[in-house]
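A.B. asks: Below is the file my_file.txt, which contains compact mmCIF, C-alpha atoms.
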# COMPACT_ATOMS: atom_id res chain seq x y z
CA LEU A 26 0.00 0.00 0.00
CA SER A 27 1.40 3.33 -0.97
CA LEU A 28 0.20 6.83 -0.42
CA CYS A 29 0.82 9.67 -2.85
CA VAL A 30 0.28 13.20 -1.65
CA LEU A 31 0.35 16.14 -4.07
CA THR A 32 0.67 19.68 -2.81
CA ALA A 33 0.56 22.97 -4.63
CA CYS A 34 2.76 25.97 -4.06
CA SER A 35 2.30 29.63 -4.74
CA ASP A 36 4.11 31.60 -7.42
CA ASP A 37 6.23 33.18 -4.68
CA PHE A 38 8.02 29.88 -4.25
CA VAL A 39 9.50 29.91 -7.77
CA GLN A 40 9.53 33.65 -8.46
CA ILE A 41 12.07 34.85 -5.96
CA GLU A 42 14.25 37.93 -5.94
CA ASN A 43 17.80 37.60 -7.25
CA GLN A 44 20.12 37.92 -4.25
CA ASN A 45 23.29 38.05 -6.36
CA GLY A 46 22.69 41.36 -8.13
CA ILE A 47 20.25 44.14 -8.94
CA SER A 48 17.28 43.18 -11.08
CA GLU A 49 16.27 45.34 -14.03
CA ASP A 50 13.10 46.61 -12.38
CA ARG A 51 15.12 47.83 -9.38
CA PHE A 52 17.96 49.44 -11.33
CA LEU A 53 18.13 53.13 -12.16
CA GLU A 54 16.60 54.34 -8.93
CA THR A 55 19.51 56.48 -7.68
CA ALA A 56 21.77 59.18 -9.08
CA ASN A 57 24.74 56.85 -8.76
CA GLN A 58 22.99 54.22 -10.85
CA ALA A 59 22.13 56.88 -13.43
CA ASN A 60 25.84 57.63 -13.72
CA GLN A 61 26.59 53.92 -14.11
CA ALA A 62 24.00 53.69 -16.86
CA SER A 63 25.52 56.68 -18.66
CA VAL A 64 29.04 55.23 -18.49
CA ALA A 65 27.76 51.91 -19.86
CA MET A 66 26.68 53.63 -23.08
CA TYR A 67 30.31 54.35 -24.02
CA HIS A 68 31.72 50.85 -23.70
CA PRO A 69 30.44 49.55 -27.07
CA ILE A 70 32.46 52.28 -28.85
CA SER A 71 35.63 50.35 -28.01
CA ASN A 72 34.40 47.38 -30.05
CA HIS A 73 36.30 46.25 -33.19
CA GLY A 74 33.54 47.71 -35.34
CA LEU A 75 33.97 51.26 -34.06
CA TYR A 76 36.88 53.03 -32.37
CA ARG A 77 38.88 49.85 -31.91
CA MET A 78 40.19 49.39 -35.45
CA GLY A 79 36.80 49.85 -37.11
CA PHE A 80 37.19 53.46 -38.25
CA LEU A 81 40.62 52.76 -39.70
CA ILE A 82 39.56 49.49 -41.33
CA PHE A 83 36.36 50.80 -42.90
CA GLY A 84 37.94 54.10 -43.86
CA ASP A 85 41.31 53.04 -45.29
CA VAL A 86 41.29 49.32 -46.06
CA THR A 87 38.52 49.93 -48.59
CA SER A 88 40.76 52.50 -50.30
CA ASP A 89 44.28 52.27 -51.70
CA ASN A 90 45.81 53.74 -48.54
CA ILE A 91 46.68 50.49 -46.75
CA ASP A 92 46.51 46.75 -47.24
CA ASN A 93 46.57 43.71 -44.99
CA GLY A 94 50.24 43.33 -44.20
CA GLY A 95 50.16 41.74 -40.78
CA TYR A 96 47.04 39.73 -40.06
CA GLY A 97 47.47 36.92 -42.57
CA THR A 98 44.48 34.67 -43.06
CA GLY A 99 43.27 34.55 -39.46
CA VAL A 100 39.86 35.82 -38.35
CA LEU A 101 40.91 39.46 -38.57
CA GLY A 102 42.94 38.92 -41.73
CA ASN A 103 40.08 37.31 -43.62
CA ALA A 104 37.71 40.05 -42.48
CA ILE A 105 40.13 42.77 -43.58
CA ASN A 106 40.72 41.06 -46.93
CA GLY A 107 36.98 40.71 -47.43
CA LEU A 108 36.43 44.43 -46.94
CA ALA A 109 39.37 45.30 -49.18
CA ASP A 110 37.96 43.07 -51.94
CA TYR A 111 34.40 44.38 -51.38
CA ASN A 112 33.18 40.91 -50.41
CA TRP A 113 30.86 42.22 -47.70
CA ASP A 114 28.54 39.73 -46.04
CA GLY A 115 27.15 38.75 -42.66
CA SER A 116 30.17 36.64 -41.76
CA ASN A 117 32.59 39.59 -41.73
CA LYS A 118 33.77 40.28 -38.18
CA PHE A 119 33.91 44.04 -38.60
CA LEU A 120 30.48 44.31 -40.20
CA VAL A 121 28.91 42.15 -37.49
CA ASN A 122 30.72 43.93 -34.67
CA ARG A 123 29.71 47.41 -35.77
CA TRP A 124 26.07 46.32 -36.02
CA ASN A 125 26.13 44.67 -32.59
CA ALA A 126 28.10 47.45 -30.90
CA CYS A 127 25.89 50.24 -32.19
CA TYR A 128 22.63 48.55 -31.27
CA GLN A 129 24.04 47.66 -27.87
CA GLY A 130 24.82 51.33 -27.30
CA ILE A 131 21.38 52.33 -28.59
CA ALA A 132 19.68 49.88 -26.23
CA ARG A 133 21.57 51.34 -23.27
CA ALA A 134 20.70 54.89 -24.31
CA ASN A 135 17.03 53.96 -24.72
CA TYR A 136 17.05 52.38 -21.28
CA LEU A 137 18.45 55.51 -19.66
CA ILE A 138 16.09 57.84 -21.52
CA GLY A 139 13.09 55.70 -20.63
CA LYS A 140 13.82 55.22 -16.93
CA ILE A 141 15.70 58.26 -15.65
CA ASP A 142 12.49 59.98 -14.54
CA GLN A 143 12.08 57.36 -11.81
CA VAL A 144 15.35 58.51 -10.15
CA THR A 145 14.38 60.63 -7.15
CA ASP A 146 17.69 61.79 -5.66
CA ILE A 147 18.98 63.63 -8.72
CA SER A 148 19.14 67.33 -9.52
CA GLU A 149 17.54 68.74 -12.64
CA GLY A 150 20.95 69.70 -13.98
CA LEU A 151 22.39 66.22 -13.53
CA ARG A 152 19.28 64.65 -15.02
CA ASN A 153 19.60 66.82 -18.12
CA GLN A 154 23.31 65.99 -18.38
CA TYR A 155 22.67 62.25 -18.45
CA LEU A 156 19.77 62.68 -20.85
CA GLY A 157 21.96 64.81 -23.11
CA GLU A 158 24.63 62.11 -23.13
CA ALA A 159 22.01 59.47 -23.95
CA TYR A 160 20.57 61.48 -26.84
CA PHE A 161 24.08 62.10 -28.17
CA MET A 162 25.14 58.45 -28.00
CA ARG A 163 21.92 57.20 -29.56
CA ALA A 164 22.33 59.60 -32.47
CA PHE A 165 26.06 58.81 -32.70
CA ASP A 166 25.38 55.07 -33.00
CA TYR A 167 22.60 55.56 -35.52
CA TRP A 168 24.83 57.87 -37.59
CA TYR A 169 27.44 55.15 -38.04
CA LEU A 170 24.85 52.45 -38.66
CA LEU A 171 23.05 54.49 -41.29
CA HIS A 172 26.17 55.41 -43.23
CA LEU A 173 27.45 51.85 -43.41
CA TYR A 174 24.30 49.75 -43.86
CA GLY A 175 21.73 52.10 -45.40
CA ASN A 176 18.17 51.18 -44.36
CA ILE A 177 18.19 49.95 -40.76
CA PRO A 178 15.66 49.30 -37.97
CA LEU A 179 14.90 52.42 -35.92
CA VAL A 180 14.44 51.51 -32.24
CA ILE A 181 13.92 54.39 -29.81
CA GLN A 182 12.56 52.62 -26.74
CA THR A 183 13.27 49.51 -24.72
CA PRO A 184 11.38 46.49 -26.12
CA GLN A 185 8.17 45.79 -24.23
CA ASP A 186 7.08 42.52 -25.85
CA GLU A 187 8.34 39.83 -28.21
CA ALA A 188 7.28 41.70 -31.35
CA ASP A 189 9.55 44.62 -30.41
CA PHE A 190 12.58 42.36 -30.79
CA PHE A 191 11.94 41.99 -34.54
CA PRO A 192 11.65 45.55 -35.88
CA ASN A 193 11.41 46.28 -39.58
CA GLN A 194 13.75 48.53 -41.51
CA ALA A 195 12.90 52.22 -41.41
CA PRO A 196 13.23 54.66 -44.31
CA MET A 197 16.54 56.51 -44.26
CA GLY A 198 14.67 59.81 -43.94
CA ASP A 199 13.09 58.68 -40.66
CA VAL A 200 16.47 57.67 -39.24
CA TYR A 201 18.02 60.97 -40.33
CA ALA A 202 15.16 62.86 -38.67
CA GLN A 203 15.72 60.97 -35.40
CA ILE A 204 19.47 61.63 -35.54
CA GLU A 205 18.87 65.34 -36.10
CA SER A 206 16.39 65.50 -33.23
CA ASP A 207 18.68 63.63 -30.83
CA PHE A 208 21.78 65.71 -31.62
CA ALA A 209 19.74 68.91 -31.25
CA MET A 210 18.42 67.74 -27.87
CA ALA A 211 21.93 66.80 -26.78
CA ALA A 212 23.32 70.20 -27.80
CA SER A 213 20.71 71.92 -25.64
CA MET A 214 21.41 69.77 -22.57
CA LEU A 215 25.17 69.15 -22.51
CA PRO A 216 27.81 71.47 -21.02
CA ASP A 217 30.45 73.24 -23.12
CA SER A 218 33.30 71.35 -21.47
CA TRP A 219 34.23 68.67 -18.96
CA ALA A 220 37.06 68.46 -16.47
CA GLY A 221 39.02 65.74 -14.71
CA ALA A 222 37.71 62.20 -14.91
CA ASP A 223 34.72 63.33 -16.99
CA ALA A 224 36.92 64.42 -19.91
CA GLY A 225 35.81 62.58 -23.02
CA ARG A 226 32.08 62.78 -22.41
CA PRO A 227 30.32 64.58 -25.28
CA THR A 228 29.80 68.31 -25.00
CA ALA A 229 27.32 70.72 -26.52
CA GLY A 230 29.96 71.37 -29.18
CA SER A 231 30.26 67.65 -29.90
CA ALA A 232 26.53 67.45 -30.55
CA THR A 233 26.52 70.61 -32.65
CA ALA A 234 29.41 69.31 -34.78
CA MET A 235 27.67 65.98 -35.39
CA LEU A 236 24.38 67.73 -36.17
CA GLY A 237 26.15 69.91 -38.73
CA LYS A 238 27.82 66.84 -40.20
CA THR A 239 24.43 65.12 -40.43
CA PHE A 240 23.03 68.03 -42.40
CA LEU A 241 26.13 68.06 -44.59
CA TYR A 242 25.70 64.42 -45.56
CA GLN A 243 22.13 65.17 -46.63
CA GLN A 244 23.27 68.19 -48.65
CA LYS A 245 21.26 70.52 -46.43
CA TRP A 246 23.87 73.19 -46.97
CA ALA A 247 22.21 76.11 -45.14
CA ASP A 248 21.44 73.99 -42.06
CA ALA A 249 24.98 72.60 -42.03
CA GLU A 250 26.47 76.07 -42.31
CA ARG A 251 24.29 77.37 -39.48
CA GLU A 252 25.31 74.63 -37.06
CA LEU A 253 28.99 74.41 -37.96
CA LYS A 254 29.44 78.18 -37.71
CA LYS A 255 28.52 77.87 -34.04
CA LEU A 256 31.83 76.06 -33.50
CA THR A 257 33.79 79.16 -34.51
CA ASP A 258 32.82 81.02 -31.34
CA GLY A 259 36.16 80.32 -29.67
CA ARG A 260 35.46 76.95 -28.09
CA TYR A 261 37.68 75.23 -30.65
CA GLU A 262 40.61 76.20 -32.82
CA LEU A 263 42.90 74.45 -35.26
CA LEU A 264 46.40 73.61 -34.09
CA SER A 265 49.24 75.19 -35.96
CA ALA A 266 50.90 73.30 -38.81
CA GLU A 267 53.89 72.70 -36.55
CA ASP A 268 51.69 71.14 -33.83
CA TYR A 269 49.36 69.17 -36.11
CA ASP A 270 50.98 65.87 -35.10
CA LEU A 271 49.86 66.43 -31.50
CA ASN A 272 46.42 65.24 -32.59
CA PHE A 273 47.90 61.75 -32.89
CA THR A 274 50.02 61.54 -29.73
CA THR A 275 49.39 61.42 -25.99
CA GLU A 276 51.37 64.62 -25.46
CA ASP A 277 48.45 67.05 -25.88
CA GLU A 278 45.27 65.01 -25.59
CA ASN A 279 41.92 66.81 -25.55
CA ASN A 280 43.50 69.90 -27.09
CA ALA A 281 41.62 72.87 -28.55
CA GLU A 282 41.05 71.05 -31.86
CA ASN A 283 39.39 68.06 -30.21
CA VAL A 284 35.60 67.88 -30.51
CA PHE A 285 34.90 64.34 -29.27
CA SER A 286 37.29 61.47 -28.59
CA LEU A 287 37.17 58.28 -26.59
CA GLN A 288 39.50 58.20 -23.60
CA TYR A 289 41.62 55.05 -23.70
CA LEU A 290 43.76 53.85 -20.81
CA GLY A 291 46.96 54.03 -22.85
CA LEU A 292 48.17 50.50 -22.19
CA GLU A 293 51.52 49.87 -23.87
CA SER A 294 50.42 46.39 -24.93
CA PHE A 295 47.42 47.75 -26.86
CA ALA A 296 48.27 49.35 -30.17
CA TRP A 297 44.85 50.56 -31.31
CA GLY A 298 44.02 53.30 -28.85
Output the file's structure as structure tokens, nothing else.
C.D. replies:
Amino acid sequence: LSLCVLTACSDDFVQIENQNGISEDRFLETANQANQASVAMYHPISNHGLYRMGFLIFGDVTSDNIDNGGYGTGVLGNAINGLADYNWDGSNKFLVNRWNACYQGIARANYLIGKIDQVTDISEGLRNQYLGEAYFMRAFDYWYLLHLYGNIPLVIQTPQDEADFFPNQAPMGDVYAQIESDFAMAASMLPDSWAGADAGRPTAGSATAMLGKTFLYQQKWADAERELKKLTDGRYELLSAEDYDLNFTTEDENNAENVFSLQYLGLESFAWG
């Protein structure tokens, strides 16, 4: 004779709070977490598809300026050769990495924009600063996606359901309009300069420069002229011909000619930044 007893349990038994970290619905409640979220938006820039090799590879390998002299036929070598030969497909490391890096940055910017209003211990000025950074980085990522891939999905909020994870391509005009709007918002919210450990965050001038460049690429000449002329107000100036090389050394980083640049750690073992 055997006895089988079945018991039921409530949802609380299997839906428990994660004790090893902060869950998504509890993150971005404090000013410190808002800063962490803003810093996280910059990390994808260091990916192979962007500042880490990507700009050089996409800009010069596809021209006659350089060729693959050191990477052989390894993963990087094959990817570089593919770009040089205009064999561009979804298996190319640099093409995949730029796509992933940019949308990762966009997702983090969308998250910050969508949730920063729930932070209670933050000043209005600091809130606007973080929002300005998020608008800048979202537009920055979309700018580099648009000018490499053409028509792309336009995602401006954190996905809410399964359908949001499969967006359709948007017309280029819609993406351009979003980029213009985001850079304009960023220019109105960001400071003119940063000091100390914050050096390298985008400024109002960074956003204005990118907005002008966006207009330029669309041949909106009057709009481009209007925005780019704002940068001649004394915030920036060209280095002399004798000092031009300082733009490419660590001797005079963040000089008067610098508009926006990622701040690398300067490790001697790392040759790309």
A.B. asks: Where does range 164-249 of chain A meet range 114-132 of chain A within 10 Å, residue by residue, with the nearest atom pair and distance in Å to one decimal for each, counting only C-alpha atoms, listed by chain and rising number, as a Markdown table?
C.D. replies:
| residue | atom | partner | partner_atom | distance |
| --- | --- | --- | --- | --- |
| A:Ala164 | CA | A:Ile131 | CA | 8.3 |
| A:Phe165 | CA | A:Cys127 | CA | 8.6 |
| A:Asp166 | CA | A:Cys127 | CA | 4.9 |
| A:Tyr167 | CA | A:Cys127 | CA | 7.1 |
| A:Trp168 | CA | A:Cys127 | CA | 9.4 |
| A:Tyr169 | CA | A:Cys127 | CA | 7.8 |
| A:Leu170 | CA | A:Trp124 | CA | 6.8 |
| A:Leu173 | CA | A:Leu120 | CA | 8.7 |
| A:Tyr174 | CA | A:Trp124 | CA | 8.7 |
| A:Ile177 | CA | A:Trp124 | CA | 9.9 |
| A:Pro178 | CA | A:Tyr128 | CA | 9.7 |
| A:Leu179 | CA | A:Ile131 | CA | 9.8 |
| A:Val180 | CA | A:Ile131 | CA | 7.9 |
| A:Ile181 | CA | A:Ile131 | CA | 7.8 |
| A:Gln182 | CA | A:Ala132 | CA | 7.6 |
| A:Thr183 | CA | A:Ala132 | CA | 6.6 |
| A:Pro184 | CA | A:Ala132 | CA | 9.0 |
A.B. asks: Ranking A:Leu108, A:Ser218, A:Tyr201, A:Ile147 by minimum distance to Lys245 in chain A and counting only C-alpha atoms, which one comes first?
C.D. replies: A:Tyr201
A.B. asks: Which distance in Å separates CA of Glu262 in chain A and CA of Tyr242 in chain A, to one decimal?
C.D. replies: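 CA of Tyr242 in chain A lies 22.9 Å from CA of Glu262 in chain A.
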A.B. asks: With distances taken over only C-alpha atoms, which of A:Gly79, A:Gly107, A:Gly139, A:Gly157 is nearest to Met210 in chain A?
C.D. replies: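 Closest to Met210 in chain A, using only C-alpha atoms: A:Gly157.
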